[in-house]
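**Student:** Quick one: the structure is below, and I'll ask about it shortly.
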Amino acid sequence: MHTHAARPQDRRTALLRRAALFEFPASADLSPGTEAARHHTIQWLSRFGVFEDRASVAEYDALRFDVLAGLFYPRAAGADLNLGSDLVGWYFVFDDQFDGELGCRPEAVARLVADVIRISEEDLAHGGAEDGDGPLLESFRDLWRRINSGRPQVWRDRFRHHWLEYLHSYHREALERTGALPAAGGADAPRSVEDVLALRRHSIGVQPCLDLNEPFGGYTLPPALHGGFPLERMREATDDVVVFTNDIASLDKELAVGDVHNSVIVQRERTGGELEDAVRHIADLANTRYRWFEETAAELPGLLAEAGADPDTHRAVARYVDGMRHVMAGNLGWSLRTARYDEQGTEAVSGGRQRPWAQLTGAQ
């Protein structure tokens, strides 16, 4: 298979051309607290030793993960937005650990995932650092405590379930990279877009981000409503739209580093056509998912009324649906602003280079 990424000077143009294929908006609805959250998260990560020098801070800051948080939570501010920004920032720092050798070592990935899970099982009031935890795990301990403290148990159980799905997806990805997990159709079967989605719906990390909409909005959805039709399917559609958007936005970067967990690359492998044909196919899938989401959202008030839902439930569901919209549109809006996927971001991870914060685990 021949995969030619765009020349550096053409990558921005290619990204804008591909983004124009989406039929849903790229959000510009940014929380007014975003700039404060930007400084907070940099200071927070720095306090735990994530960055080794000013150059590392500058490289991180150029990626503007605070903007992603501000677009995800445009109605949040203060401590809530700072928390959302910290979660998003930690996500990407964690994700970058797997771009190099570690991502192809399933046993080392399993140990790291187990360490993170260990921290999530600590008593929030009495959990403490262990010798050698290091910046990644120590920052996670602080993040986990702040996210979960004072939350209803039903919400904490929900958040933990989504968090574990996210963590375990990294081990599965590592197994796939090493050929330990064949495609669903058998060892010789080409991977399908659905194969990619089955894993990426977890590794994209959307569900824990959606969970934060509830405490930020001052409500908790009952389990039957959260896990029933149509909200469960709408969350899955949100996952898919974000995955497809991310795969198109990050395409040149992932071609440069040889990452195989990308629906556009898989679609091209299956069809053997031109790369841009695969891009258009994935954009069409994203648009189809988004249209279904909006059609279903329009039916929700009637469904709730038939079920006898009270006004508070109507308001909570409406806010939750808006939260899903903010994630889909915000992810696209951020993808067009960040340096992570332009020529600068692609060059930063080309030729075997990793981000300065990409080797925090000391995994052996």
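Ligands are numbered from 1 in the order shown, chains are lettered A, B, ... in the order of the structure tokens, and residues start at 1 in each chain.
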Within 12 Å of Gln97 in chain A, counting only C-alpha atoms, which residues show up once you throw out same-chain ones fewer than 4 positions away? Write them as a PyMOL selection string, please.

**Tutor:** chain A and resi 50+90-93+101-105+108-109+112-113+136+170+174+354-363

**Student:** Which polymer residues have any atom within 10 Å of an atom of Ala69 in chain A, counting only C-alpha atoms, with same-chain residues fewer than 5 positions away left out, as a ChimeraX atom specification?

**Tutor:** /A:30-31,34,37-38,64,74,76,81-89,209,326-327,330-331,334

**Student:** To one decimal in Å, tell me the separation between CA of Ile119 in chain A and CA of Glu138 in chain A.

**Tutor:**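 Between CA of Ile119 in chain A and CA of Glu138 in chain A the gap is 9.0 Å.
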
**Student:** So how many Å separate CA of Ser27 in chain A and CA of Arg325 in chain A, to one decimal?

**Tutor:**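 CA of Arg325 in chain A lies 9.2 Å from CA of Ser27 in chain A.
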
**Student:** Could you check which of A:Ser149, A:Phe48, A:Ala348, A:Gly132 is closest to Ala256 in chain A, using only C-alpha atoms?

**Tutor:**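 Of A:Ser149, A:Phe48, A:Ala348, A:Gly132, the one nearest Ala256 in chain A is A:Ala348, counting only C-alpha atoms.
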
**Student:** Between A:Asp53, A:Ala249, A:Asn262, A:Asp157, which one has atoms that come closest to Thr338 in chain A, using only C-alpha atoms?

**Tutor:**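 Of A:Asp53, A:Ala249, A:Asn262, A:Asp157, the one nearest Thr338 in chain A is A:Ala249, counting only C-alpha atoms.
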
**Student:** Give me, as JSON lines, each residue of range 145-242 of chain A that comes within 10 Å of range 298-317 of chain A, together with its shortest interatomic pair and the distance in Å at one decimal, counting only C-alpha atoms, with rows ordered by chain and rising residue number.

**Tutor:**
```
{"residue": "A:Asn213", "atom": "CA", "partner": "A:Ala316", "partner_atom": "CA", "distance": 9.9}
{"residue": "A:Glu214", "atom": "CA", "partner": "A:Ala316", "partner_atom": "CA", "distance": 8.3}
{"residue": "A:Gly217", "atom": "CA", "partner": "A:Ala316", "partner_atom": "CA", "distance": 8.0}
{"residue": "A:Gly218", "atom": "CA", "partner": "A:Ala316", "partner_atom": "CA", "distance": 8.7}
{"residue": "A:Tyr219", "atom": "CA", "partner": "A:Ala316", "partner_atom": "CA", "distance": 6.4}
{"residue": "A:Thr220", "atom": "CA", "partner": "A:Ala316", "partner_atom": "CA", "distance": 7.9}
{"residue": "A:Leu221", "atom": "CA", "partner": "A:Ala316", "partner_atom": "CA", "distance": 7.3}
{"residue": "A:Pro222", "atom": "CA", "partner": "A:Thr313", "partner_atom": "CA", "distance": 9.3}
{"residue": "A:Leu225", "atom": "CA", "partner": "A:Val317", "partner_atom": "CA", "distance": 9.0}
{"residue": "A:His226", "atom": "CA", "partner": "A:Val317", "partner_atom": "CA", "distance": 9.1}
{"residue": "A:Pro230", "atom": "CA", "partner": "A:Leu300", "partner_atom": "CA", "distance": 8.1}
{"residue": "A:Leu231", "atom": "CA", "partner": "A:Val317", "partner_atom": "CA", "distance": 8.8}
```

**Student:** Would you export the selected residues with all heavy atoms as a short mmCIF file (atom, residue, chain, number, x, y, z; two decimals), in the first residue's frame, please?

**Tutor:**
```cif
data_model
loop_
_atom_site.label_atom_id
_atom_site.label_comp_id
_atom_site.auth_asym_id
_atom_site.auth_seq_id
_atom_site.Cartn_x
_atom_site.Cartn_y
_atom_site.Cartn_z
N ASN A 213 -20.43 16.56 31.84
CA ASN A 213 -21.56 17.47 31.63
C ASN A 213 -22.56 17.41 32.78
O ASN A 213 -23.22 18.42 33.07
CB ASN A 213 -22.26 17.13 30.31
CG ASN A 213 -21.56 17.70 29.11
OD1 ASN A 213 -21.43 18.92 28.96
ND2 ASN A 213 -21.06 16.84 28.24
N GLU A 214 -22.67 16.26 33.41
CA GLU A 214 -23.67 16.12 34.47
C GLU A 214 -23.28 16.92 35.72
O GLU A 214 -24.06 17.79 36.15
CB GLU A 214 -23.90 14.64 34.78
CG GLU A 214 -24.51 13.89 33.62
CD GLU A 214 -24.66 12.41 33.89
OE1 GLU A 214 -25.56 12.02 34.68
OE2 GLU A 214 -23.85 11.62 33.35
N GLY A 217 -23.38 20.57 35.01
CA GLY A 217 -24.73 21.10 34.83
C GLY A 217 -25.60 20.97 36.06
O GLY A 217 -26.75 21.43 36.07
N GLY A 218 -25.08 20.32 37.12
CA GLY A 218 -25.84 20.20 38.36
C GLY A 218 -26.96 19.18 38.32
O GLY A 218 -27.97 19.32 39.01
N TYR A 219 -26.80 18.12 37.54
CA TYR A 219 -27.82 17.08 37.47
C TYR A 219 -27.13 15.73 37.33
O TYR A 219 -25.94 15.65 36.98
CB TYR A 219 -28.77 17.30 36.29
CG TYR A 219 -28.10 17.24 34.93
CD1 TYR A 219 -27.96 16.03 34.25
CD2 TYR A 219 -27.58 18.39 34.33
CE1 TYR A 219 -27.33 15.97 33.02
CE2 TYR A 219 -26.95 18.33 33.10
CZ TYR A 219 -26.83 17.12 32.45
OH TYR A 219 -26.19 17.06 31.23
N THR A 220 -27.87 14.65 37.58
CA THR A 220 -27.38 13.29 37.35
C THR A 220 -28.49 12.50 36.67
O THR A 220 -29.59 12.37 37.23
CB THR A 220 -27.00 12.60 38.68
OG1 THR A 220 -26.00 13.36 39.35
CG2 THR A 220 -26.46 11.19 38.41
N LEU A 221 -28.24 12.02 35.48
CA LEU A 221 -29.25 11.24 34.77
C LEU A 221 -29.45 9.89 35.45
O LEU A 221 -28.48 9.24 35.83
CB LEU A 221 -28.83 11.01 33.32
CG LEU A 221 -28.74 12.24 32.41
CD1 LEU A 221 -28.25 11.83 31.03
CD2 LEU A 221 -30.09 12.94 32.31
N PRO A 222 -30.70 9.44 35.62
CA PRO A 222 -30.93 8.12 36.19
C PRO A 222 -30.40 7.04 35.26
O PRO A 222 -30.41 7.21 34.03
CB PRO A 222 -32.45 8.05 36.32
CG PRO A 222 -32.98 9.08 35.38
CD PRO A 222 -31.95 10.15 35.30
N LEU A 225 -32.40 5.94 32.14
CA LEU A 225 -32.45 6.93 31.06
C LEU A 225 -31.10 7.03 30.36
O LEU A 225 -31.03 7.02 29.13
CB LEU A 225 -32.84 8.29 31.64
CG LEU A 225 -33.15 9.42 30.65
CD1 LEU A 225 -34.29 9.03 29.73
CD2 LEU A 225 -33.50 10.69 31.42
N HIS A 226 -30.04 7.09 31.15
CA HIS A 226 -28.69 7.21 30.59
C HIS A 226 -28.35 6.00 29.73
O HIS A 226 -27.75 6.14 28.65
CB HIS A 226 -27.68 7.35 31.72
CG HIS A 226 -26.26 7.52 31.26
ND1 HIS A 226 -25.43 6.45 31.00
CD2 HIS A 226 -25.52 8.62 31.01
CE1 HIS A 226 -24.25 6.88 30.61
NE2 HIS A 226 -24.27 8.19 30.61
N PRO A 230 -33.16 6.47 23.61
CA PRO A 230 -32.13 6.60 22.58
C PRO A 230 -30.79 7.19 23.06
O PRO A 230 -29.88 7.32 22.25
CB PRO A 230 -32.77 7.55 21.59
CG PRO A 230 -33.57 8.48 22.44
CD PRO A 230 -34.07 7.65 23.60
N LEU A 231 -30.67 7.57 24.34
CA LEU A 231 -29.45 8.27 24.75
C LEU A 231 -28.20 7.41 24.57
O LEU A 231 -27.14 7.92 24.18
CB LEU A 231 -29.56 8.74 26.20
CG LEU A 231 -30.47 9.94 26.47
CD1 LEU A 231 -30.37 10.37 27.93
CD2 LEU A 231 -30.14 11.10 25.55
#
```

**Student:** Got a sec: who's within 10 Å of Asn246 in chain A, counting only C-alpha atoms, leaving out chain neighbours fewer than 6 positions off, as a VMD selection string?

**Tutor:** chain A and resid 204 240 262 to 263 331 to 332 335 341

**Student:** For each of A:His168, A:Arg111, A:Arg54, A:Arg280, take the minimum atom-to-atom distance to Arg17 in chain A, counting only C-alpha atoms, then give the residue where this is smallest.

**Tutor:**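 Closest to Arg17 in chain A of all the choices is A:Arg280.
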
**Student:** So that I can check the surroundings of Asp259 in chain A, please list as a list in words every protein, DNA and RNA residue that reaches within 12 Å of it, counting only C-alpha atoms and ignoring chain neighbours fewer than 2 positions away.

**Tutor:**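 Non-adjacent residues within range: Thr3, Phe98, Asp99, Gly100, Gly103, Cys104, Glu173, Ala174, Glu176, Arg177, Asp247, Ser250, Leu251, Asp252, Lys253, Glu254, Leu255, Ala256, Val257, His261, Asn262, Ser263, Val264, Ile265, Val266, Val349 and Ser350 of chain A.
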